[in-house]
Amino acid sequence: QVQLVESGGGSVQAGGSLRLSCAASGDTFSTYIMGWFRQAPGKAREFVAAVSRTGKTTYYADSVKNRFTISRDNAKSMVYLQMNSLKPEDTAVYYCAADSRILGATLRNMAVPSYESQYWGQGTQVTVSS
């Protein structure tokens, strides 16, 4: 099992930046594909980004491509989401996810609408004002 704790959320004006962090504990961190998801009020949870076990491969939702960057530090059991050029539509609760079932680096499996991760964090609120 792995426990996930997100931090770094907050309020920012449009065009600003935030960096989310997710600390993992428990199982061997490097055996997990890691991802970020978000859920806005009244909307379904949506995929944001994923990173492979080594950190060499990443995958993004089209809505955040070229604005957000996911990365991980296996030595520290941390995954990050750098969010730049934030927009009001980025407002949501952001969740960290960990999954050891995904084979290789087929990260797009996390973007399937019916996807359910093995483990989820408790979420951190991001609010972007116009």
# chains A, B, ... in the order shown; residues from 1 in each chain; ligands from 1
call {"tool": "select_by_dssp", "arguments": {"residues": "region 3-98 of chain A", "states": "strand (DSSP E)", "output": "ChimeraX atom specification"}}
result
/A:3-7,10-13,18-26,33-39,46-51,58-60,68-73,78-83,92-98
call {"tool": "closest_residue", "arguments": {"among": "A:Gln1, A:Thr58, A:Gln122, A:Ser117", "to": "Cys22 (chain A)", "atoms": "only C-alpha atoms"}}
result
A:Gln122
call {"tool": "residues_around", "arguments": {"residues": "Val2 (chain A)", "least_positions_apart": "6", "cutoff": "10 Å", "atoms": "only C-alpha atoms", "output": "list of chain:residue names"}}
result
A:Ala23, A:Ala24, A:Ser25, A:Gly26, A:Asp27, A:Thr28, A:Phe29, A:Tyr32, A:Ala97, A:Ala98, A:Asp99, A:Gln118, A:Tyr119, A:Trp120, A:Gly121
call {"tool": "residues_around", "arguments": {"residues": "Glu6 (chain A)", "least_positions_apart": "3", "cutoff": "12 Å", "atoms": "only C-alpha atoms", "output": "PyMOL selection string"}}
result
chain A and resi 3+9-10+19-25+35-37+78-81+93-97+120-126
call {"tool": "write_last_selection", "arguments": {"atoms": "C-alpha atoms", "output": "mmCIF file, in the first residue's frame"}}
result
data_model
loop_
_atom_site.group_PDB
_atom_site.id
_atom_site.type_symbol
_atom_site.label_atom_id
_atom_site.label_comp_id
_atom_site.auth_asym_id
_atom_site.auth_seq_id
_atom_site.Cartn_x
_atom_site.Cartn_y
_atom_site.Cartn_z
ATOM 1 C CA GLN A 3 -0.251 6.725 1.265
ATOM 2 C CA GLY A 9 -2.618 24.386 -3.402
ATOM 3 C CA GLY A 10 -3.906 27.912 -2.933
ATOM 4 C CA ARG A 19 3.576 24.043 -7.708
ATOM 5 C CA LEU A 20 1.763 21.084 -6.234
ATOM 6 C CA SER A 21 3.621 18.379 -4.348
ATOM 7 C CA CYS A 22 2.599 14.859 -3.435
ATOM 8 C CA ALA A 23 4.467 12.931 -0.768
ATOM 9 C CA ALA A 24 4.236 9.148 -0.898
ATOM 10 C CA SER A 25 4.923 6.712 1.905
ATOM 11 C CA GLY A 35 -0.612 10.908 -11.915
ATOM 12 C CA TRP A 36 -2.512 14.091 -11.167
ATOM 13 C CA PHE A 37 -6.255 14.475 -11.560
ATOM 14 C CA MET A 78 7.727 12.854 -4.316
ATOM 15 C CA VAL A 79 5.775 13.826 -7.398
ATOM 16 C CA TYR A 80 5.240 17.410 -8.489
ATOM 17 C CA LEU A 81 2.943 19.381 -10.760
ATOM 18 C CA VAL A 93 -9.438 20.102 -6.231
ATOM 19 C CA TYR A 94 -6.276 18.375 -7.432
ATOM 20 C CA TYR A 95 -5.610 14.767 -6.524
ATOM 21 C CA CYS A 96 -2.448 12.703 -6.645
ATOM 22 C CA ALA A 97 -2.796 9.095 -7.799
ATOM 23 C CA TRP A 120 -5.601 8.497 -4.144
ATOM 24 C CA GLY A 121 -4.532 11.404 -2.026
ATOM 25 C CA GLN A 122 -6.993 13.591 -0.132
ATOM 26 C CA GLY A 123 -6.736 16.477 -2.581
ATOM 27 C CA THR A 124 -5.605 20.085 -2.488
ATOM 28 C CA GLN A 125 -7.677 23.073 -3.623
ATOM 29 C CA VAL A 126 -6.482 25.313 -6.435
#
call {"tool": "select_by_dssp", "arguments": {"residues": "region 5-90 of chain A", "states": "helix (DSSP H, G or I)", "output": "compact mmCIF listing (two decimals) with all heavy atoms, in the first residue's frame"}}
result
# COMPACT_ATOMS: atom_id res chain seq x y z
N PHE A 29 8.14 3.47 -3.86
CA PHE A 29 7.58 4.53 -4.70
C PHE A 29 7.86 4.29 -6.18
O PHE A 29 6.99 4.51 -7.03
CB PHE A 29 8.16 5.86 -4.25
CG PHE A 29 7.67 7.05 -5.02
CD1 PHE A 29 6.35 7.47 -4.90
CD2 PHE A 29 8.53 7.75 -5.84
CE1 PHE A 29 5.89 8.56 -5.60
CE2 PHE A 29 8.08 8.86 -6.55
CZ PHE A 29 6.75 9.27 -6.42
N SER A 30 9.05 3.82 -6.50
CA SER A 30 9.45 3.69 -7.90
C SER A 30 8.70 2.60 -8.66
O SER A 30 8.86 2.47 -9.87
CB SER A 30 10.95 3.44 -8.00
OG SER A 30 11.29 2.25 -7.32
N THR A 31 7.89 1.82 -7.97
CA THR A 31 7.11 0.78 -8.65
C THR A 31 5.75 1.32 -9.14
O THR A 31 4.99 0.58 -9.77
CB THR A 31 6.86 -0.43 -7.75
OG1 THR A 31 6.08 -0.02 -6.61
CG2 THR A 31 8.17 -1.03 -7.27
N PRO A 88 -8.77 30.56 -15.01
CA PRO A 88 -9.89 30.29 -14.08
C PRO A 88 -10.46 28.88 -14.23
O PRO A 88 -10.88 28.28 -13.23
CB PRO A 88 -10.91 31.36 -14.47
CG PRO A 88 -10.08 32.50 -14.96
CD PRO A 88 -8.94 31.85 -15.71
N GLU A 89 -10.44 28.34 -15.42
CA GLU A 89 -10.98 27.00 -15.63
C GLU A 89 -10.08 25.90 -15.05
O GLU A 89 -10.45 24.73 -15.06
CB GLU A 89 -11.23 26.72 -17.12
CG GLU A 89 -10.07 27.04 -18.03
CD GLU A 89 -10.18 28.42 -18.66
OE1 GLU A 89 -10.54 29.39 -17.94
OE2 GLU A 89 -9.87 28.54 -19.87
N ASP A 90 -8.91 26.26 -14.55
CA ASP A 90 -8.06 25.30 -13.84
C ASP A 90 -8.49 25.14 -12.39
O ASP A 90 -7.94 24.28 -11.68
CB ASP A 90 -6.60 25.73 -13.90
CG ASP A 90 -6.03 25.72 -15.29
OD1 ASP A 90 -6.31 24.75 -16.04
OD2 ASP A 90 -5.28 26.66 -15.63
call {"tool": "residues_around", "arguments": {"residues": "Thr69 (chain A)", "least_positions_apart": "3", "cutoff": "10 Å", "atoms": "only C-alpha atoms", "output": "NGL selection string"}}
result
:A and (19 or 48-51 or 58-60 or 64-66 or 80-84)
call {"tool": "atom_distance", "arguments": {"atom1": "CA of Val12 (chain A)", "atom2": "CA of Leu86 (chain A)"}}
result
8.1 Å
call {"tool": "atom_distance", "arguments": {"atom1": "CA of Gly104 (chain A)", "atom2": "CA of Ala75 (chain A)"}}
result
20.0 Å
call {"tool": "atom_distance", "arguments": {"atom1": "CA of Leu107 (chain A)", "atom2": "CA of Ala44 (chain A)"}}
result
19.9 Å
